[in-house]
$ cat query-v6.txt   # compact mmCIF, C-alpha atoms and all ligand atoms
# COMPACT_ATOMS: atom_id res chain seq x y z
CA MET Q 1 113.99 109.12 132.86
CA ALA Q 2 110.86 111.21 132.80
CA LYS Q 3 108.58 111.30 135.86
CA ARG Q 4 105.52 113.15 134.64
CA VAL Q 5 104.34 113.15 131.06
CA ALA Q 6 101.82 115.30 129.19
CA LEU Q 7 100.16 113.07 126.61
CA ALA Q 8 98.37 114.46 123.56
CA TYR Q 9 95.10 112.65 124.17
CA SER Q 10 92.36 112.06 121.61
CA GLY Q 11 90.10 109.73 123.57
CA GLY Q 12 90.60 106.97 121.00
CA LEU Q 13 91.83 103.45 121.58
CA ASP Q 14 95.55 104.06 121.10
CA THR Q 15 95.98 107.10 123.31
CA SER Q 16 93.71 105.55 125.97
CA VAL Q 17 95.83 102.42 126.12
CA ALA Q 18 98.89 104.67 126.05
CA VAL Q 19 97.85 106.38 129.29
CA ARG Q 20 98.02 103.13 131.25
CA TRP Q 21 100.89 101.65 129.24
CA LEU Q 22 103.12 104.64 130.01
CA ARG Q 23 102.36 104.19 133.68
CA GLU Q 24 102.99 100.43 133.65
CA GLU Q 25 106.09 100.43 131.45
CA TYR Q 26 107.86 103.64 132.45
CA GLY Q 27 106.33 104.26 135.87
CA VAL Q 28 105.40 107.82 134.91
CA GLU Q 29 102.43 109.95 135.85
CA VAL Q 30 100.32 110.90 132.87
CA VAL Q 31 98.57 114.22 132.34
CA ALA Q 32 96.11 113.77 129.46
CA VAL Q 33 95.77 116.89 127.30
CA ALA Q 34 92.85 116.92 124.88
CA VAL Q 35 92.85 119.80 122.42
CA ASP Q 36 89.62 120.80 120.71
CA VAL Q 37 90.48 121.59 117.10
CA GLY Q 38 86.94 121.08 115.87
CA GLN Q 39 87.24 117.31 115.47
CA GLY Q 40 83.62 116.81 116.56
CA GLY Q 41 82.51 113.41 117.75
CA GLU Q 42 82.39 112.55 121.42
CA SER Q 43 81.94 115.15 124.15
CA PHE Q 44 85.07 116.28 125.94
CA GLU Q 45 83.50 115.25 129.28
CA ASP Q 46 83.41 111.67 128.03
CA ILE Q 47 86.94 111.99 126.73
CA THR Q 48 88.43 113.31 129.97
CA ALA Q 49 86.45 110.74 131.99
CA ARG Q 50 88.04 108.01 129.88
CA ALA Q 51 91.52 109.42 130.40
CA LEU Q 52 91.00 109.36 134.16
CA ALA Q 53 89.54 105.84 133.98
CA ALA Q 54 92.66 104.81 132.09
CA GLY Q 55 94.80 106.08 134.92
CA ALA Q 56 95.71 109.67 134.10
CA VAL Q 57 96.49 111.84 137.14
CA GLU Q 58 94.96 114.84 135.41
CA ALA Q 59 92.88 115.33 132.28
CA VAL Q 60 92.47 118.75 130.73
CA VAL Q 61 90.69 120.12 127.68
CA VAL Q 62 91.91 123.13 125.74
CA ASP Q 63 89.62 124.83 123.26
CA ALA Q 64 91.87 125.82 120.36
CA ARG Q 65 89.28 126.18 117.63
CA GLU Q 66 89.46 129.93 117.12
CA GLU Q 67 93.21 129.86 117.49
CA LEU Q 68 93.56 127.11 114.90
CA ALA Q 69 91.40 129.13 112.53
CA ALA Q 70 92.96 132.56 113.06
CA ASP Q 71 96.61 131.71 113.58
CA PHE Q 72 97.05 128.56 111.52
CA CYS Q 73 94.33 128.25 108.85
CA PHE Q 74 94.23 131.94 107.94
CA PRO Q 75 97.99 132.07 107.32
CA ALA Q 76 97.48 128.99 105.13
CA ILE Q 77 94.88 130.94 103.16
CA ALA Q 78 97.30 133.86 102.80
CA ALA Q 79 99.89 131.37 101.50
CA ASN Q 80 97.33 129.65 99.21
CA ALA Q 81 98.84 126.56 100.80
CA ARG Q 82 98.39 123.23 99.05
CA TYR Q 83 101.01 120.55 99.53
CA GLU Q 84 102.08 119.06 96.21
CA GLY Q 85 99.68 121.47 94.58
CA LYS Q 86 96.65 119.74 96.09
CA TYR Q 87 96.36 119.00 99.82
CA PRO Q 88 95.35 122.01 101.94
CA LEU Q 89 97.29 120.72 104.99
CA VAL Q 90 94.37 119.56 107.13
CA SER Q 91 96.31 117.48 109.67
CA SER Q 92 99.52 119.43 109.15
CA LEU Q 93 97.94 122.61 110.54
CA SER Q 94 96.35 121.10 113.63
CA ARG Q 95 99.48 119.44 114.98
CA PRO Q 96 101.42 122.63 115.71
CA VAL Q 97 98.50 124.15 117.63
CA ILE Q 98 98.18 120.88 119.58
CA VAL Q 99 101.91 120.91 120.29
CA LYS Q 100 101.74 124.49 121.49
CA HIS Q 101 99.08 123.63 124.06
CA LEU Q 102 100.64 120.31 124.97
CA VAL Q 103 103.87 122.09 125.88
CA GLU Q 104 102.00 124.83 127.75
CA GLN Q 105 100.03 122.31 129.80
CA ALA Q 106 103.14 120.21 130.37
CA ARG Q 107 104.83 123.23 131.94
CA LEU Q 108 101.74 124.12 133.95
CA PHE Q 109 101.52 120.62 135.42
CA GLY Q 110 105.24 120.29 136.10
CA CYS Q 111 105.92 117.62 133.49
CA ASP Q 112 109.38 116.80 132.18
CA ALA Q 113 108.22 115.01 129.04
CA VAL Q 114 105.51 114.96 126.42
CA ALA Q 115 104.07 111.95 124.60
CA HIS Q 116 101.98 111.29 121.52
CA GLY Q 117 100.19 108.26 120.12
CA CYS Q 118 101.58 108.35 116.56
CA THR Q 119 103.13 105.38 114.86
CA GLY Q 120 106.48 105.47 113.10
CA LYS Q 121 105.06 105.57 109.58
CA GLY Q 122 103.36 108.92 109.44
CA ASN Q 123 103.95 112.64 109.31
CA ASP Q 124 102.19 113.43 112.55
CA GLN Q 125 105.03 112.06 114.72
CA VAL Q 126 107.37 114.43 112.84
CA ARG Q 127 105.10 117.40 113.51
CA PHE Q 128 104.71 116.54 117.21
CA GLU Q 129 108.38 116.00 117.81
CA VAL Q 130 109.97 118.71 115.71
CA GLY Q 131 107.37 121.14 117.07
CA THR Q 132 108.18 120.13 120.65
CA ARG Q 133 111.91 120.44 120.01
CA ALA Q 134 111.32 123.99 118.78
CA LEU Q 135 109.15 125.09 121.69
CA ALA Q 136 110.60 123.06 124.55
CA PRO Q 137 113.94 121.50 123.66
CA GLU Q 138 114.39 120.46 127.29
CA PHE Q 139 111.49 117.99 127.24
CA GLU Q 140 111.89 114.29 126.73
CA ILE Q 141 109.55 112.89 124.06
CA LEU Q 142 107.87 109.51 124.44
CA ALA Q 143 106.18 107.71 121.56
CA PRO Q 144 104.62 104.56 123.02
CA ALA Q 145 102.88 103.44 119.80
CA ARG Q 146 106.25 103.39 118.07
CA VAL Q 147 107.77 100.98 120.56
CA TRP Q 148 105.04 98.86 122.06
CA GLY Q 149 104.57 96.52 119.10
CA LEU Q 150 100.85 96.08 119.82
CA THR Q 151 98.29 95.22 117.16
CA ARG Q 152 94.83 96.72 117.22
CA GLU Q 153 93.52 93.49 118.77
CA ASP Q 154 96.20 93.67 121.48
CA CYS Q 155 95.10 97.21 122.29
CA VAL Q 156 91.46 96.18 122.48
CA ALA Q 157 92.43 93.30 124.79
CA LEU Q 158 94.52 95.59 127.00
CA ALA Q 159 91.72 98.16 127.20
CA ALA Q 160 89.38 95.38 128.37
CA LYS Q 161 91.91 94.07 130.88
CA TRP Q 162 92.53 97.54 132.27
CA GLU Q 163 88.81 98.32 132.21
CA ILE Q 164 89.16 101.36 130.01
CA PRO Q 165 85.74 102.12 128.52
CA ILE Q 166 86.36 102.18 124.77
CA GLN Q 167 83.62 102.84 122.24
CA GLN Q 168 84.56 100.96 119.09
CA THR Q 169 85.92 97.51 119.68
CA LYS Q 170 85.09 96.12 116.26
CA GLU Q 171 87.52 96.11 113.36
CA LYS Q 172 88.34 99.69 112.51
CA ILE Q 173 88.26 100.28 108.78
CA TYR Q 174 89.69 103.76 108.40
CA SER Q 175 92.02 106.11 110.18
CA ILE Q 176 90.27 109.45 110.12
CA ASP Q 177 91.74 112.70 111.33
CA GLU Q 178 89.39 115.64 111.50
CA ASN Q 179 89.48 119.28 112.47
CA LEU Q 180 87.66 122.40 111.40
CA TRP Q 181 89.88 122.73 108.30
CA GLY Q 182 88.77 119.35 106.96
CA ARG Q 183 89.02 115.58 107.15
CA ALA Q 184 91.75 113.14 106.21
CA ILE Q 185 90.76 109.54 105.53
CA GLU Q 186 93.42 106.83 105.43
CA CYS Q 187 93.76 103.03 105.60
CA GLY Q 188 91.34 100.24 104.83
CA ARG Q 189 90.46 99.55 101.22
CA ILE Q 190 91.63 102.96 99.98
CA GLU Q 191 95.19 101.74 100.58
CA ASP Q 192 94.76 100.35 97.07
CA PRO Q 193 95.29 103.48 94.95
CA TRP Q 194 93.07 101.99 92.25
CA HIS Q 195 90.10 101.54 94.58
CA THR Q 196 87.30 104.00 93.85
CA THR Q 197 86.44 106.48 96.59
CA ARG Q 198 82.85 106.88 95.48
CA LEU Q 199 81.50 105.05 98.49
CA GLU Q 200 83.87 106.29 101.15
CA PRO Q 201 82.60 107.71 104.44
CA PHE Q 202 82.38 111.39 103.53
CA THR Q 203 80.66 113.68 105.99
CA LEU Q 204 81.59 117.23 105.01
CA THR Q 205 80.85 116.81 101.32
CA GLN Q 206 77.50 115.42 100.34
CA ILE Q 207 75.05 116.60 97.76
CA THR Q 208 72.20 117.99 99.79
CA GLU Q 209 71.75 120.98 97.53
CA GLN Q 210 71.96 121.14 93.75
CA GLY Q 211 72.75 124.82 93.36
CA PRO Q 212 73.87 127.04 91.83
CA VAL Q 213 74.52 128.65 95.21
CA GLU Q 214 76.15 132.03 95.06
CA VAL Q 215 78.13 133.58 97.92
CA ILE Q 216 80.25 136.67 98.23
CA ILE Q 217 83.33 136.36 100.42
CA GLY Q 218 84.81 139.56 101.83
CA PHE Q 219 88.53 139.73 102.57
CA GLU Q 220 90.51 142.23 104.60
CA GLN Q 221 94.26 142.14 104.17
CA GLY Q 222 94.15 138.55 103.02
CA ARG Q 223 91.81 137.32 105.77
CA PRO Q 224 88.26 136.21 104.97
CA VAL Q 225 85.93 138.20 107.21
CA THR Q 226 82.43 138.22 105.72
CA ILE Q 227 80.05 135.98 103.80
CA ASP Q 228 77.34 137.88 101.96
CA GLY Q 229 78.12 140.94 104.05
CA VAL Q 230 77.78 139.16 107.40
CA SER Q 231 80.86 139.06 109.65
CA TYR Q 232 82.06 135.78 111.10
CA SER Q 233 84.77 134.80 113.54
CA PRO Q 234 87.59 132.85 111.87
CA ALA Q 235 86.31 129.45 113.07
CA ASP Q 236 82.71 130.27 112.14
CA MET Q 237 83.86 131.49 108.74
CA ILE Q 238 85.46 128.12 108.02
CA ASP Q 239 82.49 126.22 109.46
CA LYS Q 240 80.04 128.17 107.37
CA MET Q 241 82.07 127.69 104.19
CA ASN Q 242 82.29 123.95 104.91
CA THR Q 243 78.52 123.87 105.05
CA ILE Q 244 77.90 125.98 101.95
CA ALA Q 245 80.54 124.39 99.73
CA GLY Q 246 80.13 120.86 101.09
CA ALA Q 247 76.38 120.86 100.39
CA THR Q 248 76.95 120.73 96.63
CA GLY Q 249 79.63 118.07 97.00
CA PHE Q 250 82.58 120.39 96.45
CA GLY Q 251 85.84 119.76 98.30
CA ARG Q 252 86.91 116.14 97.85
CA LEU Q 253 90.45 115.16 97.01
CA ASP Q 254 91.93 111.82 96.13
CA MET Q 255 95.70 111.77 95.85
CA VAL Q 256 98.86 109.78 96.21
CA GLU Q 257 101.17 111.90 98.32
CA ASN Q 258 104.78 111.80 99.46
CA ARG Q 259 105.08 111.54 103.22
CA ARG Q 260 108.12 113.01 104.97
CA VAL Q 261 109.19 109.54 106.04
CA GLY Q 262 109.63 108.34 102.47
CA ILE Q 263 106.36 106.49 101.96
CA LYS Q 264 103.94 107.21 99.13
CA SER Q 265 100.43 106.97 100.48
CA ARG Q 266 96.97 107.16 99.03
CA GLU Q 267 95.00 109.83 100.83
CA VAL Q 268 91.41 110.91 100.60
CA TYR Q 269 90.43 114.30 101.91
CA GLU Q 270 87.42 116.50 102.16
CA ALA Q 271 88.04 120.15 102.81
CA PRO Q 272 85.28 122.17 101.14
CA GLY Q 273 85.73 125.36 103.15
CA ALA Q 274 89.51 125.31 102.93
CA LEU Q 275 89.62 124.75 99.18
CA ALA Q 276 86.93 127.35 98.52
CA LEU Q 277 88.55 130.01 100.70
CA ILE Q 278 91.98 129.42 99.17
CA ALA Q 279 90.52 129.65 95.65
CA ALA Q 280 88.72 132.90 96.51
CA HIS Q 281 91.78 134.40 98.16
CA SER Q 282 94.08 133.48 95.35
CA ASP Q 283 91.68 135.06 92.86
CA LEU Q 284 91.55 138.30 94.83
CA GLU Q 285 95.35 138.38 94.76
CA ASP Q 286 95.21 138.32 90.97
CA LEU Q 287 93.35 141.60 91.19
CA THR Q 288 95.39 143.28 93.91
CA LEU Q 289 99.01 142.09 93.83
CA GLU Q 290 101.64 143.82 91.75
CA ARG Q 291 103.04 141.50 89.08
CA ASP Q 292 106.52 140.84 90.49
CA VAL Q 293 105.16 140.33 94.01
CA ALA Q 294 102.55 137.93 92.64
CA HIS Q 295 105.12 135.95 90.68
CA GLU Q 296 107.58 135.73 93.56
CA LYS Q 297 104.80 134.70 95.92
CA LEU Q 298 103.79 131.92 93.53
CA ARG Q 299 107.32 130.59 93.76
CA LEU Q 300 107.38 130.65 97.56
CA GLU Q 301 103.91 129.25 98.25
CA PRO Q 302 104.83 125.61 97.57
CA ARG Q 303 107.80 125.99 99.92
CA TRP Q 304 105.57 127.31 102.70
CA ALA Q 305 103.19 124.36 102.25
CA GLU Q 306 106.06 121.90 102.19
CA LEU Q 307 107.58 123.30 105.39
CA VAL Q 308 104.26 123.06 107.20
CA TYR Q 309 103.65 119.56 105.89
CA ASP Q 310 107.13 118.54 107.02
CA GLY Q 311 106.57 119.64 110.61
CA MET Q 312 108.54 122.89 110.40
CA TRP Q 313 105.76 125.22 111.52
CA PHE Q 314 108.03 126.63 114.22
CA SER Q 315 111.18 127.26 112.20
CA PRO Q 316 113.26 130.23 111.06
CA LEU Q 317 112.53 129.75 107.36
CA LYS Q 318 108.79 129.49 107.98
CA ASN Q 319 108.98 132.70 110.06
CA ALA Q 320 110.86 134.45 107.27
CA LEU Q 321 108.33 133.34 104.65
CA ASP Q 322 105.51 134.49 106.96
CA ALA Q 323 107.05 137.95 107.06
CA PHE Q 324 107.16 138.06 103.26
CA ILE Q 325 103.59 136.82 102.95
CA ALA Q 326 102.31 139.27 105.57
CA GLU Q 327 103.82 142.14 103.60
CA THR Q 328 102.10 140.93 100.41
CA GLN Q 329 98.70 140.82 102.11
CA ARG Q 330 98.46 144.53 102.98
CA PHE Q 331 96.21 145.29 100.01
CA VAL Q 332 94.46 141.94 99.54
CA THR Q 333 91.14 143.49 100.44
CA GLY Q 334 87.91 143.13 98.52
CA GLU Q 335 85.20 140.68 97.55
CA VAL Q 336 85.01 137.50 95.56
CA ARG Q 337 81.81 136.04 94.18
CA MET Q 338 81.70 132.26 94.07
CA THR Q 339 79.20 129.79 92.70
CA PHE Q 340 78.78 126.21 93.87
CA GLU Q 341 76.82 123.68 91.93
CA ALA Q 342 76.30 119.93 92.29
CA PRO Q 343 78.10 117.67 91.65
CA GLY Q 344 81.10 119.31 93.28
CA LEU Q 345 81.60 122.24 90.95
CA MET Q 346 82.96 125.57 92.13
CA ARG Q 347 83.87 128.66 90.22
CA VAL Q 348 84.96 132.15 91.00
CA ASP Q 349 82.48 134.34 89.24
CA GLY Q 350 83.67 137.86 89.90
CA ARG Q 351 85.97 139.92 92.08
CA ARG Q 352 86.24 143.55 93.10
CA SER Q 353 88.41 145.62 95.39
CA PRO Q 354 88.71 149.25 96.45
CA VAL Q 355 92.46 148.83 95.99
CA ALA Q 356 92.38 146.80 92.76
CA LEU Q 357 95.32 147.26 90.42
CA TYR Q 358 92.98 146.50 87.55
CA ASP Q 359 92.51 149.81 85.76
CA TYR Q 360 89.54 149.87 83.42
CA GLU Q 361 90.84 152.80 81.43
CA LEU Q 362 94.11 151.01 80.79
CA ALA Q 363 92.51 147.67 80.00
CA THR Q 364 89.56 148.71 77.86
CA TYR Q 365 89.40 148.63 74.08
CA ASP Q 366 86.55 151.12 73.94
CA ALA Q 367 86.52 154.90 73.86
CA ALA Q 368 87.52 155.31 77.51
CA ASP Q 369 90.96 153.96 76.66
CA THR Q 370 93.81 156.02 78.19
CA PHE Q 371 96.64 153.62 77.35
CA ARG Q 372 99.44 155.42 75.43
CA HIS Q 373 99.58 153.23 72.33
CA GLN Q 374 102.51 155.16 70.92
CA ASP Q 375 104.66 154.09 73.91
CA ALA Q 376 104.24 150.46 72.93
CA GLU Q 377 106.25 150.75 69.74
CA GLY Q 378 109.54 151.74 71.39
CA PHE Q 379 108.94 149.40 74.30
CA VAL Q 380 108.43 146.39 72.09
CA ARG Q 381 111.36 147.32 69.85
CA LEU Q 382 113.72 147.43 72.86
CA TRP Q 383 112.20 144.31 74.39
CA GLY Q 384 113.08 142.42 71.19
CA LEU Q 385 116.38 144.22 70.50
CA GLY Q 386 118.56 141.36 71.70
CA ILE Q 387 116.57 138.90 69.64
CA SER Q 388 116.81 140.93 66.45
CA THR Q 389 120.59 141.37 66.96
CA TRP Q 390 120.93 137.63 67.39
CA ALA Q 391 118.76 136.87 64.35
CA LYS Q 392 120.79 139.25 62.13
CA ARG Q 393 124.03 137.60 63.21
CA HIS Q 394 122.87 133.99 62.82
CA GLY Q 395 120.36 134.21 59.99
CA ALA Q 396 116.63 134.57 59.99
CA GLU Q 397 115.82 131.00 61.05
CA PRO Q 398 118.86 129.56 62.77
CA GLY Q 399 116.96 126.74 64.47
CA SER Q 400 118.50 125.05 67.49
CA ALA Q 401 121.81 123.26 67.87
CA LYS Q 402 121.31 119.61 66.99
N1 LIG Z 501 98.60 112.47 105.16
C1 LIG Z 501 98.01 113.57 105.85
C2 LIG Z 501 99.09 114.42 106.50
O1 LIG Z 501 100.15 113.95 106.68
C3 LIG Z 501 96.95 113.13 106.80
C4 LIG Z 501 97.40 112.53 108.08
C5 LIG Z 501 96.24 112.04 108.86
N2 LIG Z 501 96.62 111.65 110.17
C6 LIG Z 501 96.08 110.60 110.81
N3 LIG Z 501 96.55 110.35 111.99
N4 LIG Z 501 95.15 109.86 110.27
O2 LIG Z 501 98.89 115.55 106.83

$ encode --input "query-v6.txt" --output "structure tokens"
Amino acid sequence: MAKRVALAYSGGLDTSVAVRWLREEYGVEVVAVAVDVGQGGESFEDITARALAAGAVEAVVVDAREELAADFCFPAIAANARYEGKYPLVSSLSRPVIVKHLVEQARLFGCDAVAHGCTGKGNDQVRFEVGTRALAPEFEILAPARVWGLTREDCVALAAKWEIPIQQTKEKIYSIDENLWGRAIECGRIEDPWHTTRLEPFTLTQITEQGPVEVIIGFEQGRPVTIDGVSYSPADMIDKMNTIAGATGFGRLDMVENRRVGIKSREVYEAPGALALIAAHSDLEDLTLERDVAHEKLRLEPRWAELVYDGMWFSPLKNALDAFIAETQRFVTGEVRMTFEAPGLMRVDGRRSPVALYDYELATYDAADTFRHQDAEGFVRLWGLGISTWAKRHGAEPGSAK
């Protein structure tokens, strides 16, 4: 049995109750690890104070914002990652960076286990646990919320009994997970897939500007580095794009998705920066990737997104796909012009690159044309040779077998 546990601590009701519950039920010491992934909200001083009030022996904060942006979100941009063609992996990307720091802090503080506050129904438990198994297979993993059988009211009552200062005690309507890559909204009335999301609690996407707003995003080797010629750090780049794109209402998603644990769930997201940056990046690839590379990459991108969604960030296949993607990004350098306009419209409006494979003299129909038209005749004849052989054998219009 574990003696000292590093708990991934958010400061919310569940993980606060978990601190004391772990101590009471398992007799373990709890080290609360709060990771700043750009979730906003309360100050980390308040959060660590609460962890200590709940009975943690230590409470630490790790600032992982730039790391999340550079090492997790930027690879997702390179992979044009959208799970099931839609969801840009908001929560899926933050869990591996949290796991990485949880394991690091656990080792630093001499823990023999880690713990998380996830329930048994979601994907986040999968990401925490598979991630921990990859980075620290020797650790025990505790998941109090999966075994304690407490309702929200029970947790509120326990927090009161244990004198843990909790902010919201009223009925909680939504489960919201936020980081700098976006926001995921679950539960409450949106659990009915028919319920309109018009009035949901959006914060990153609101129409405060009508537009059209034009911005030019500069990329270097697949990484967004400038907006309108000004350089930004990875986290600031995402922040800034959230502000620009979100102001015209762009970046909302409403979908029914397939969780790893077999449940279909209705999810509402807002990820203006993420969706805009992926769209810009993908457009620049159209200009700079060779055809076969582009087509193969399109086949592998959904697999990358699925692996990350499924908690396999630290896995051999993900590493192998990363190597492929990194190779494809060598020449994804250039600029993309985007326009945002209320309500929620975005379009890519132009792209250019010093290493574009677009060749005006090959593409043009005007006098500058250098394309060798005479080559086309033989090429097309050979391209269709098999077809013409088949047609001669079976008649001009053989139709299909019925
Ligand atoms: N369904 C999304 C995902 O699996 C969002 C999860 C949000 N997590 C949460 N604890 N509310 O990535």

$ atom_distance --input "query-v6.txt" --atom1 "CA of Ala363 (chain Q)" --atom2 "CA of Gly334 (chain Q)"
19.6 Å

$ residues_around --input "query-v6.txt" --residues "Ile216 (chain Q)" --least-positions-apart "3" --cutoff "7 Å" --atoms "all atoms listed in the file" --output "list in words"
Ile227, Asp228, Glu335, Val336, Arg337 and Met338 of chain Q

$ closest_residue --input "query-v6.txt" --among "Q:Trp21, Q:Tyr83, Q:Phe371, Q:Phe139" --to "Trp304 (chain Q)" --atoms "only C-alpha atoms"
Q:Tyr83

$ residues_near_ligand --input "query-v6.txt" --ligand "ligand LIG 501 (chain Z)" --cutoff "10 Å" --atoms "only C-alpha atoms and all ligand atoms" --output "short mmCIF file (atom, residue, chain, number, x, y, z; two decimals) with C-alpha atoms, in the coordinates of the input"
data_model
loop_
_atom_site.label_atom_id
_atom_site.label_comp_id
_atom_site.auth_asym_id
_atom_site.auth_seq_id
_atom_site.Cartn_x
_atom_site.Cartn_y
_atom_site.Cartn_z
CA TYR Q 83 101.01 120.55 99.53
CA TYR Q 87 96.36 119.00 99.82
CA PRO Q 88 95.35 122.01 101.94
CA LEU Q 89 97.29 120.72 104.99
CA VAL Q 90 94.37 119.56 107.13
CA SER Q 91 96.31 117.48 109.67
CA SER Q 92 99.52 119.43 109.15
CA LEU Q 93 97.94 122.61 110.54
CA SER Q 94 96.35 121.10 113.63
CA ARG Q 95 99.48 119.44 114.98
CA GLY Q 117 100.19 108.26 120.12
CA CYS Q 118 101.58 108.35 116.56
CA THR Q 119 103.13 105.38 114.86
CA GLY Q 122 103.36 108.92 109.44
CA ASN Q 123 103.95 112.64 109.31
CA ASP Q 124 102.19 113.43 112.55
CA GLN Q 125 105.03 112.06 114.72
CA VAL Q 126 107.37 114.43 112.84
CA ARG Q 127 105.10 117.40 113.51
CA TYR Q 174 89.69 103.76 108.40
CA SER Q 175 92.02 106.11 110.18
CA ILE Q 176 90.27 109.45 110.12
CA ASP Q 177 91.74 112.70 111.33
CA GLU Q 178 89.39 115.64 111.50
CA ARG Q 183 89.02 115.58 107.15
CA ALA Q 184 91.75 113.14 106.21
CA ILE Q 185 90.76 109.54 105.53
CA GLU Q 186 93.42 106.83 105.43
CA CYS Q 187 93.76 103.03 105.60
CA MET Q 255 95.70 111.77 95.85
CA VAL Q 256 98.86 109.78 96.21
CA GLU Q 257 101.17 111.90 98.32
CA ASN Q 258 104.78 111.80 99.46
CA ARG Q 259 105.08 111.54 103.22
CA ARG Q 260 108.12 113.01 104.97
CA LYS Q 264 103.94 107.21 99.13
CA SER Q 265 100.43 106.97 100.48
CA ARG Q 266 96.97 107.16 99.03
CA GLU Q 267 95.00 109.83 100.83
CA VAL Q 268 91.41 110.91 100.60
CA TYR Q 269 90.43 114.30 101.91
CA VAL Q 308 104.26 123.06 107.20
CA TYR Q 309 103.65 119.56 105.89
CA ASP Q 310 107.13 118.54 107.02
CA GLY Q 311 106.57 119.64 110.61
#

$ residues_around --input "query-v6.txt" --residues "Arg50 (chain Q)" --least-positions-apart "6" --cutoff "9 Å" --atoms "all atoms listed in the file" --output "list in words"
Gly11, Ser16, Ala56, Ile164, Pro165 and Ile166 of chain Q

$ residues_around --input "query-v6.txt" --residues "Leu13 (chain Q)" --least-positions-apart "3" --cutoff "9 Å" --atoms "all atoms listed in the file" --output "list of chain:residue names"
Q:Ser10, Q:Ser16, Q:Val17, Q:Ala18, Q:Arg152, Q:Cys155, Q:Val156, Q:Ala159, Q:Ile166, Q:Gln167, Q:Gln168, Q:Thr169

$ residues_around --input "query-v6.txt" --residues "Val213 (chain Q)" --least-positions-apart "4" --cutoff "12 Å" --atoms "all atoms listed in the file" --output "list in words"
Thr208, Glu209, Asp228, Met241, Thr243, Ile244, Ala245, Gly246, Ala247, Thr248, Gly249, Phe250, Arg337, Met338, Thr339, Phe340, Glu341, Ala342, Gly344, Leu345, Met346, Arg347, Val348 and Asp349 of chain Q

$ closest_residue --input "query-v6.txt" --among "Q:Ile325, Q:Leu150, Q:Val33, Q:Ala53" --to "Arg299 (chain Q)" --atoms "all atoms listed in the file"
Q:Ile325

$ closest_residue --input "query-v6.txt" --among "Q:Met312, Q:Leu7, Q:Ala391, Q:Ala79" --to "Val60 (chain Q)" --atoms "only C-alpha atoms"
Q:Leu7

$ closest_residue --input "query-v6.txt" --among "Q:Leu277, Q:Ala235, Q:Leu317, Q:Ile207" --to "Asp71 (chain Q)" --atoms "all atoms listed in the file"
Q:Ala235
